[in-house]
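Visitor: Can you read through this structure? Questions will come right after.
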Amino acid sequence: MTWTFVQDERLGIPLPHLDKEWEEYSDQERSDILLRWEEIRGTIPDQIKRLEKIIIRKQNQLNVEDNFKLSCELNSEIAELAGTINELHLWFRVNQDVSASAAHH
């Protein structure tokens, strides 16, 4: 198989790993890839909600934290989680682009 999905630990979802250009895959392979991606894509909103809950918990900790060093660490962790959420939003939109691309070929 010249494609697979590899777990991304930071994002918490498997991401596509394609060994060829999209156009080089057969219609059946594209269909299989899109089907698998659609299953994964469906889990992204839950993953985002899970990360948002962690951010809220850390923001609540930050609100009562008097230690400057710990406040900086919490701020950094919140920023990292927010970046992860932004990246998940981008991956969530990938399917629209791939499907549109596949429809034109």
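Ligands are numbered from 1 in the order shown, chains are lettered A, B, ... in the order of the structure tokens, and residues start at 1 in each chain.
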At a cut-off of 8 Å, using only C-alpha atoms, what residues contact Val6 in chain A? Leave out same-chain residues fewer than 2 positions from it and give the result as a list in words.

Guide: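 Here the qualifying residues turn out to be Thr4, Asp8, Pro14, Leu15, Pro16 and His17 of chain A.
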
Visitor: Keeping only C-alpha atoms, write the selected residues as a tab-separated table (two decimals), in the first residue's frame.

Guide:
chain	number	residue	atom	x	y	z
A	4	THR	CA	-1.37	5.06	5.34
A	8	ASP	CA	0.08	12.45	15.36
A	14	PRO	CA	-3.95	9.99	12.56
A	15	LEU	CA	-2.78	12.06	9.58
A	16	PRO	CA	-2.48	10.91	5.98
A	17	HIS	CA	0.90	9.77	4.76

Visitor: Near Ile56 in chain A, within 12 Å and counting only C-alpha atoms, which residues show up once chain neighbours fewer than 6 positions away are dropped, as JSON, numbers by chain?

Guide: {"A": [49, 50, 62, 63, 74, 75, 77, 78, 79, 81, 82]}

Visitor: What's around range 25-29 of chain A at 9 Å? Count only C-alpha atoms, leave out sequence neighbours fewer than 4 positions away in its own chain, and write the answer as a PyMOL selection string.

Guide: chain A and resi 2-3+20-21+33-34+102

Visitor: If you run DSSP on the backbone here, which positions in range 4-63 of chain A get helix (DSSP H, G or I)? Please write them as a ChimeraX atom specification.

Guide: /A:22-24,27-41,44-63

Visitor: For N, CA and C atoms, I'd like the residues from the last selection saved as an mmCIF file, in the first residue's frame.

Guide:
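Dumped to part.cif:
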data_model
loop_
_atom_site.group_PDB
_atom_site.id
_atom_site.type_symbol
_atom_site.label_atom_id
_atom_site.label_comp_id
_atom_site.auth_asym_id
_atom_site.auth_seq_id
_atom_site.Cartn_x
_atom_site.Cartn_y
_atom_site.Cartn_z
ATOM 1 N N TRP A 22 -1.585 12.901 -5.284
ATOM 2 C CA TRP A 22 -3.002 12.527 -5.263
ATOM 3 C C TRP A 22 -3.473 12.000 -6.618
ATOM 4 N N GLU A 23 -3.054 12.666 -7.695
ATOM 5 C CA GLU A 23 -3.491 12.296 -9.041
ATOM 6 C C GLU A 23 -2.987 10.920 -9.471
ATOM 7 N N GLU A 24 -1.923 10.431 -8.831
ATOM 8 C CA GLU A 24 -1.336 9.146 -9.203
ATOM 9 C C GLU A 24 -2.088 7.954 -8.602
ATOM 10 N N ASP A 27 -8.848 5.610 -8.771
ATOM 11 C CA ASP A 27 -10.118 6.077 -8.213
ATOM 12 C C ASP A 27 -10.471 5.296 -6.950
ATOM 13 N N GLN A 28 -10.223 3.983 -6.966
ATOM 14 C CA GLN A 28 -10.531 3.152 -5.799
ATOM 15 C C GLN A 28 -9.661 3.537 -4.603
ATOM 16 N N GLU A 29 -8.367 3.764 -4.862
ATOM 17 C CA GLU A 29 -7.477 4.171 -3.766
ATOM 18 C C GLU A 29 -7.910 5.518 -3.201
ATOM 19 N N ARG A 30 -8.235 6.448 -4.077
ATOM 20 C CA ARG A 30 -8.693 7.761 -3.618
ATOM 21 C C ARG A 30 -9.948 7.616 -2.766
ATOM 22 N N SER A 31 -10.852 6.785 -3.233
ATOM 23 C CA SER A 31 -12.093 6.549 -2.498
ATOM 24 C C SER A 31 -11.802 5.963 -1.119
ATOM 25 N N ASP A 32 -10.891 4.992 -1.056
ATOM 26 C CA ASP A 32 -10.519 4.372 0.215
ATOM 27 C C ASP A 32 -9.865 5.386 1.154
ATOM 28 N N ILE A 33 -8.983 6.208 0.605
ATOM 29 C CA ILE A 33 -8.300 7.222 1.403
ATOM 30 C C ILE A 33 -9.315 8.222 1.951
ATOM 31 N N LEU A 34 -10.202 8.693 1.076
ATOM 32 C CA LEU A 34 -11.202 9.673 1.504
ATOM 33 C C LEU A 34 -12.148 9.095 2.546
ATOM 34 N N LEU A 35 -12.514 7.833 2.396
ATOM 35 C CA LEU A 35 -13.398 7.186 3.361
ATOM 36 C C LEU A 35 -12.714 7.129 4.728
ATOM 37 N N ARG A 36 -11.458 6.706 4.754
ATOM 38 C CA ARG A 36 -10.717 6.633 6.018
ATOM 39 C C ARG A 36 -10.544 8.020 6.613
ATOM 40 N N TRP A 37 -10.213 9.004 5.765
ATOM 41 C CA TRP A 37 -10.045 10.367 6.265
ATOM 42 C C TRP A 37 -11.347 10.901 6.833
ATOM 43 N N GLU A 38 -12.459 10.603 6.184
ATOM 44 C CA GLU A 38 -13.754 11.089 6.666
ATOM 45 C C GLU A 38 -14.051 10.528 8.060
ATOM 46 N N GLU A 39 -13.672 9.272 8.308
ATOM 47 C CA GLU A 39 -13.842 8.680 9.641
ATOM 48 C C GLU A 39 -12.999 9.440 10.666
ATOM 49 N N ILE A 40 -11.752 9.712 10.316
ATOM 50 C CA ILE A 40 -10.849 10.432 11.218
ATOM 51 C C ILE A 40 -11.337 11.855 11.405
ATOM 52 N N ARG A 41 -11.697 12.501 10.314
ATOM 53 C CA ARG A 41 -12.151 13.887 10.323
ATOM 54 C C ARG A 41 -13.339 14.060 11.269
ATOM 55 N N ILE A 44 -12.466 14.985 14.859
ATOM 56 C CA ILE A 44 -11.767 16.243 15.139
ATOM 57 C C ILE A 44 -12.569 17.171 16.054
ATOM 58 N N PRO A 45 -13.879 17.366 15.853
ATOM 59 C CA PRO A 45 -14.605 18.258 16.770
ATOM 60 C C PRO A 45 -14.529 17.812 18.235
ATOM 61 N N ASP A 46 -14.594 16.514 18.491
ATOM 62 C CA ASP A 46 -14.473 16.024 19.869
ATOM 63 C C ASP A 46 -13.077 16.284 20.423
ATOM 64 N N GLN A 47 -12.079 16.124 19.570
ATOM 65 C CA GLN A 47 -10.702 16.391 19.987
ATOM 66 C C GLN A 47 -10.541 17.871 20.340
ATOM 67 N N ILE A 48 -11.132 18.747 19.537
ATOM 68 C CA ILE A 48 -11.071 20.186 19.811
ATOM 69 C C ILE A 48 -11.765 20.504 21.137
ATOM 70 N N LYS A 49 -12.933 19.921 21.377
ATOM 71 C CA LYS A 49 -13.650 20.158 22.639
ATOM 72 C C LYS A 49 -12.822 19.695 23.835
ATOM 73 N N ARG A 50 -12.158 18.549 23.690
ATOM 74 C CA ARG A 50 -11.322 18.026 24.776
ATOM 75 C C ARG A 50 -10.198 19.013 25.100
ATOM 76 N N LEU A 51 -9.557 19.542 24.053
ATOM 77 C CA LEU A 51 -8.466 20.500 24.263
ATOM 78 C C LEU A 51 -8.984 21.815 24.839
ATOM 79 N N GLU A 52 -10.174 22.244 24.411
ATOM 80 C CA GLU A 52 -10.758 23.478 24.944
ATOM 81 C C GLU A 52 -11.022 23.350 26.443
ATOM 82 N N LYS A 53 -11.453 22.169 26.882
ATOM 83 C CA LYS A 53 -11.684 21.950 28.320
ATOM 84 C C LYS A 53 -10.379 22.048 29.097
ATOM 85 N N ILE A 54 -9.299 21.534 28.514
ATOM 86 C CA ILE A 54 -7.993 21.629 29.169
ATOM 87 C C ILE A 54 -7.562 23.091 29.255
ATOM 88 N N ILE A 55 -7.791 23.854 28.187
ATOM 89 C CA ILE A 55 -7.439 25.278 28.190
ATOM 90 C C ILE A 55 -8.214 26.007 29.284
ATOM 91 N N ILE A 56 -9.501 25.740 29.396
ATOM 92 C CA ILE A 56 -10.317 26.405 30.419
ATOM 93 C C ILE A 56 -9.788 26.080 31.813
ATOM 94 N N ARG A 57 -9.436 24.807 32.035
ATOM 95 C CA ARG A 57 -8.895 24.398 33.333
ATOM 96 C C ARG A 57 -7.581 25.148 33.624
ATOM 97 N N LYS A 58 -6.732 25.256 32.610
ATOM 98 C CA LYS A 58 -5.451 25.959 32.794
ATOM 99 C C LYS A 58 -5.667 27.463 32.984
ATOM 100 N N GLN A 59 -6.655 28.037 32.284
ATOM 101 C CA GLN A 59 -6.954 29.464 32.480
ATOM 102 C C GLN A 59 -7.463 29.721 33.898
ATOM 103 N N ASN A 60 -8.263 28.797 34.411
ATOM 104 C CA ASN A 60 -8.739 28.931 35.787
ATOM 105 C C ASN A 60 -7.575 28.847 36.776
ATOM 106 N N GLN A 61 -6.620 27.963 36.500
ATOM 107 C CA GLN A 61 -5.417 27.872 37.335
ATOM 108 C C GLN A 61 -4.628 29.177 37.256
ATOM 109 N N LEU A 62 -4.529 29.709 36.046
ATOM 110 C CA LEU A 62 -3.766 30.934 35.819
ATOM 111 C C LEU A 62 -4.384 32.104 36.590
ATOM 112 N N ASN A 63 -5.702 32.138 36.661
ATOM 113 C CA ASN A 63 -6.399 33.236 37.343
ATOM 114 C C ASN A 63 -6.064 33.317 38.832
#

Visitor: Identify, with DSSP run on backbone atoms, the residues in chain A assigned to strand (DSSP E), and express the list as an NGL selection string.

Guide: :A and (3-8 or 13-18)

Visitor: Limited to N, CA, C and O atoms, could you put the picked residues into a file as a compact mmCIF listing (two decimals), in the first residue's frame?

Guide:
# COMPACT_ATOMS: atom_id res chain seq x y z
N TRP A 3 -0.11 4.27 0.78
CA TRP A 3 -0.65 5.30 1.64
C TRP A 3 -1.02 4.68 2.98
O TRP A 3 -1.28 3.49 3.07
N THR A 4 -0.99 5.51 4.01
CA THR A 4 -1.37 5.06 5.34
C THR A 4 -1.74 6.30 6.16
O THR A 4 -1.59 7.42 5.68
N PHE A 5 -2.21 6.07 7.35
CA PHE A 5 -2.47 7.17 8.27
C PHE A 5 -1.63 6.92 9.51
O PHE A 5 -1.63 5.83 10.07
N VAL A 6 -0.88 7.95 9.93
CA VAL A 6 0.06 7.83 11.03
C VAL A 6 -0.43 8.73 12.18
O VAL A 6 -0.72 9.91 11.96
N GLN A 7 -0.49 8.14 13.37
CA GLN A 7 -0.96 8.88 14.55
C GLN A 7 -0.04 10.06 14.84
O GLN A 7 1.16 9.91 14.96
N ASP A 8 -0.64 11.24 14.95
CA ASP A 8 0.08 12.45 15.36
C ASP A 8 -0.24 12.66 16.84
O ASP A 8 -1.38 12.96 17.19
N ILE A 13 -4.79 12.71 16.45
CA ILE A 13 -5.49 12.04 15.35
C ILE A 13 -4.46 11.48 14.38
O ILE A 13 -3.34 11.98 14.31
N PRO A 14 -4.84 10.45 13.62
CA PRO A 14 -3.95 9.99 12.56
C PRO A 14 -4.00 10.96 11.37
O PRO A 14 -5.07 11.47 11.03
N LEU A 15 -2.85 11.19 10.76
CA LEU A 15 -2.78 12.06 9.58
C LEU A 15 -2.37 11.24 8.37
O LEU A 15 -1.65 10.25 8.48
N PRO A 16 -2.82 11.66 7.19
CA PRO A 16 -2.48 10.91 5.98
C PRO A 16 -1.00 10.98 5.66
O PRO A 16 -0.37 12.02 5.81
N HIS A 17 -0.47 9.85 5.24
CA HIS A 17 0.90 9.77 4.76
C HIS A 17 0.82 9.13 3.37
O HIS A 17 0.63 7.93 3.24
N LEU A 18 0.93 9.97 2.34
CA LEU A 18 0.79 9.51 0.96
C LEU A 18 2.16 9.45 0.30
O LEU A 18 2.92 10.42 0.34
